[in-house]
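S.K.: Input: one structure, supplied below.
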Amino acid sequence: MTDDNVVPFNPLDKRHLGESVGQAMLRRPVVPLANLEQFRGAGIYAIYYTGEFSPYEVIAERNREGRFMAPIYVGKAIPKGARKGGTAVGTNPGFVLHSRLNQHRNSIHEVDNLRVEDFHCRFLIVDDIWIPLGESLLIAKFNPLWNAVLDGFGNHDPGAGRRNGARPRWDVVHPGRGWAELCQPRNETAQQITREAADFLENNPPPDDVTMITT
C-alpha cells in the first residue's frame, strides 16, 4: 500500500546536508583542550566537560571514561569576511578554527571555578559554505547548556567604549575574565542562573546512549 503523503528522500535537502556535516564532526577524535596543537582551517567544534563543578555533574558524567556524549558548548569558526557576506569560499582561512578554540581555552583558564584540564574538544574542518549549517544541526541535536542557558562563553571583549551592556550570564557563574568584570552587573545572581541551568538539564537531559549520537 502506498502513502500519497510520503515525501521522497532528498539527499540534497539542507537538513540532510547538515546531518552529514554534523555526523562527520562527531566521528572525529576527542582531544584535550589544554594540549591543542596548531592547525589550519575553518569549521565546527564541540567542547566537552568532565570536571567537578557540581551544577554540571550530569554533563560530566556523560563524558567521563572516554564516552564524550554530551557537549557543553558547540560553535563555529568562519573565515574572515564571511560574516559580512564576503566571498570567502576557496580562500585560505588561516588558523581561524584553532584560534577560536584557543580563545575558549584562555577564557576557561581565566575563571576561578573551572579547570582547563577538565575540557576536551572535537572539531571538523569544513568547506566554508557548510559551516553554519553544521553548527545549527549540532546545536539543535544536543541543546548544549552553554548555548541554551549560560550565554556569553563565546563573547569577545567589546572594547572599552562598549561595555555598557550587562555582564554575560556565563561570566556571572564563572567570574574571572577581566573584560567581563568591567561590564555592568546583571540583575541575576549566580545562584539564580545555576538553578535555571539545573531545571534546564532536568527537562533536557544529556544523551546517555551512544546510539543517539551515531545514528
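In the C-alpha cells, chains take letters A, B, ... by order of appearance, with residues numbered from 1 within each chain and ligands from 1 in the order shown.
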So which residues touch Ala180 (chain A) within 6 Å, counting only C-alpha atoms, skipping near sequence neighbours fewer than 3 positions away, as a list in words?
M.R.: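 Skipping anything fewer than 3 positions along the chain leaves Arg167, Arg177 and Cys183 of chain A.
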S.K.: Those residues you just picked out, can you put them in a file as a compact mmCIF listing (two decimals), in the first residue's frame with N, CA and C atoms?
M.R.:
```txt
# COMPACT_ATOMS: atom_id res chain seq x y z
N ARG A 167 26.83 42.15 32.05
CA ARG A 167 27.81 41.06 32.08
C ARG A 167 27.14 39.78 31.57
N ARG A 177 37.08 36.58 33.91
CA ARG A 177 37.54 37.24 32.70
C ARG A 177 37.57 38.75 32.94
N CYS A 183 32.04 44.99 32.66
CA CYS A 183 30.67 45.20 32.16
C CYS A 183 29.73 45.49 33.32
```
S.K.: Taking the DSSP assignment computed from this structure's backbone, write out as a VMD selection string all residues of region 65-180 of chain A that belong to strand (DSSP E or B).
M.R.: chain A and resid 73 to 77 119 to 125 166
S.K.: In terms of the shortest atom-to-atom distance over only C-alpha atoms, which of A:Leu97, A:Ile131, A:Leu137, A:Val58 is closest to Ala198 (chain A)?
M.R.: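 Going through A:Leu97, A:Ile131, A:Leu137, A:Val58 one by one, the smallest distance to Ala198 (chain A) is for A:Val58.
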S.K.: When you draw a straight line from CA of Phe95 (chain A) to CA of Glu110 (chain A), how long is it in Å?
M.R.: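 Those two atoms sit 22.4 Å apart.
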S.K.: Any idea what's packed within 8 Å of region 63-74 of chain A, counting only C-alpha atoms, ignoring anything in its chain fewer than 4 positions away? Could you give it as number ranges by chain?
M.R.: A: 30, 44-50, 59, 135, 138-139, 142, 144-147, 206-210, 213
S.K.: Would you save the residues of that selection, restricted to N, CA and C atoms, as a PDB file, in the first residue's frame?
M.R.:
```
ATOM      1  N   VAL A  30      38.471  12.907  19.977  1.00  0.00           N
ATOM      2  CA  VAL A  30      38.392  13.917  21.032  1.00  0.00           C
ATOM      3  C   VAL A  30      39.802  14.178  21.548  1.00  0.00           C
ATOM      4  N   ILE A  44      33.689  23.584  12.428  1.00  0.00           N
ATOM      5  CA  ILE A  44      32.786  23.477  13.575  1.00  0.00           C
ATOM      6  C   ILE A  44      33.462  22.657  14.675  1.00  0.00           C
ATOM      7  N   TYR A  45      32.931  22.787  15.899  1.00  0.00           N
ATOM      8  CA  TYR A  45      33.560  22.085  17.021  1.00  0.00           C
ATOM      9  C   TYR A  45      32.553  21.887  18.144  1.00  0.00           C
ATOM     10  N   ALA A  46      32.875  20.946  19.020  1.00  0.00           N
ATOM     11  CA  ALA A  46      32.119  20.718  20.246  1.00  0.00           C
ATOM     12  C   ALA A  46      33.097  20.654  21.402  1.00  0.00           C
ATOM     13  N   ILE A  47      32.708  21.211  22.546  1.00  0.00           N
ATOM     14  CA  ILE A  47      33.531  21.209  23.748  1.00  0.00           C
ATOM     15  C   ILE A  47      32.829  20.376  24.812  1.00  0.00           C
ATOM     16  N   TYR A  48      33.606  19.529  25.498  1.00  0.00           N
ATOM     17  CA  TYR A  48      33.076  18.580  26.479  1.00  0.00           C
ATOM     18  C   TYR A  48      33.691  18.851  27.853  1.00  0.00           C
ATOM     19  N   TYR A  49      32.868  18.695  28.887  1.00  0.00           N
ATOM     20  CA  TYR A  49      33.309  18.934  30.262  1.00  0.00           C
ATOM     21  C   TYR A  49      33.287  17.631  31.048  1.00  0.00           C
ATOM     22  N   THR A  50      34.333  17.397  31.869  1.00  0.00           N
ATOM     23  CA  THR A  50      34.415  16.178  32.680  1.00  0.00           C
ATOM     24  C   THR A  50      34.742  16.467  34.142  1.00  0.00           C
ATOM     25  N   ILE A  59      26.281  16.434  33.040  1.00  0.00           N
ATOM     26  CA  ILE A  59      27.016  16.532  31.777  1.00  0.00           C
ATOM     27  C   ILE A  59      28.349  15.824  31.898  1.00  0.00           C
ATOM     28  N   GLU A 135      26.866  23.701  12.295  1.00  0.00           N
ATOM     29  CA  GLU A 135      26.740  24.184  13.673  1.00  0.00           C
ATOM     30  C   GLU A 135      25.288  24.175  14.122  1.00  0.00           C
ATOM     31  N   LEU A 138      24.068  20.653  15.013  1.00  0.00           N
ATOM     32  CA  LEU A 138      24.601  20.127  16.272  1.00  0.00           C
ATOM     33  C   LEU A 138      23.971  20.812  17.487  1.00  0.00           C
ATOM     34  N   ILE A 139      23.732  22.108  17.393  1.00  0.00           N
ATOM     35  CA  ILE A 139      23.073  22.811  18.499  1.00  0.00           C
ATOM     36  C   ILE A 139      21.654  22.290  18.681  1.00  0.00           C
ATOM     37  N   PHE A 142      21.896  18.597  20.284  1.00  0.00           N
ATOM     38  CA  PHE A 142      22.357  18.429  21.657  1.00  0.00           C
ATOM     39  C   PHE A 142      21.841  19.485  22.627  1.00  0.00           C
ATOM     40  N   PRO A 144      23.193  22.260  23.809  1.00  0.00           N
ATOM     41  CA  PRO A 144      24.224  22.375  24.853  1.00  0.00           C
ATOM     42  C   PRO A 144      23.906  23.493  25.847  1.00  0.00           C
ATOM     43  N   LEU A 145      24.255  23.241  27.098  1.00  0.00           N
ATOM     44  CA  LEU A 145      23.904  24.169  28.181  1.00  0.00           C
ATOM     45  C   LEU A 145      24.452  25.564  27.943  1.00  0.00           C
ATOM     46  N   TRP A 146      25.712  25.667  27.516  1.00  0.00           N
ATOM     47  CA  TRP A 146      26.309  26.990  27.346  1.00  0.00           C
ATOM     48  C   TRP A 146      25.791  27.696  26.100  1.00  0.00           C
ATOM     49  N   ASN A 147      25.148  27.004  25.197  1.00  0.00           N
ATOM     50  CA  ASN A 147      24.463  27.655  24.080  1.00  0.00           C
ATOM     51  C   ASN A 147      23.061  28.087  24.475  1.00  0.00           C
ATOM     52  N   PRO A 206      21.070  15.322  29.056  1.00  0.00           N
ATOM     53  CA  PRO A 206      22.031  14.972  28.016  1.00  0.00           C
ATOM     54  C   PRO A 206      21.877  13.505  27.621  1.00  0.00           C
ATOM     55  N   PRO A 207      22.265  13.149  26.400  1.00  0.00           N
ATOM     56  CA  PRO A 207      22.127  11.749  25.979  1.00  0.00           C
ATOM     57  C   PRO A 207      23.000  10.828  26.812  1.00  0.00           C
ATOM     58  N   ASP A 208      22.483   9.658  27.133  1.00  0.00           N
ATOM     59  CA  ASP A 208      23.246   8.666  27.870  1.00  0.00           C
ATOM     60  C   ASP A 208      23.404   7.371  27.083  1.00  0.00           C
ATOM     61  N   ASP A 209      23.072   7.431  25.791  1.00  0.00           N
ATOM     62  CA  ASP A 209      23.174   6.270  24.920  1.00  0.00           C
ATOM     63  C   ASP A 209      23.912   6.671  23.678  1.00  0.00           C
ATOM     64  N   VAL A 210      24.998   5.995  23.374  1.00  0.00           N
ATOM     65  CA  VAL A 210      25.839   6.371  22.248  1.00  0.00           C
ATOM     66  C   VAL A 210      25.085   6.305  20.944  1.00  0.00           C
ATOM     67  N   ILE A 213      23.990   9.431  19.292  1.00  0.00           N
ATOM     68  CA  ILE A 213      24.989  10.274  18.659  1.00  0.00           C
ATOM     69  C   ILE A 213      25.365   9.740  17.290  1.00  0.00           C
TER      70      ILE A 213
END
```
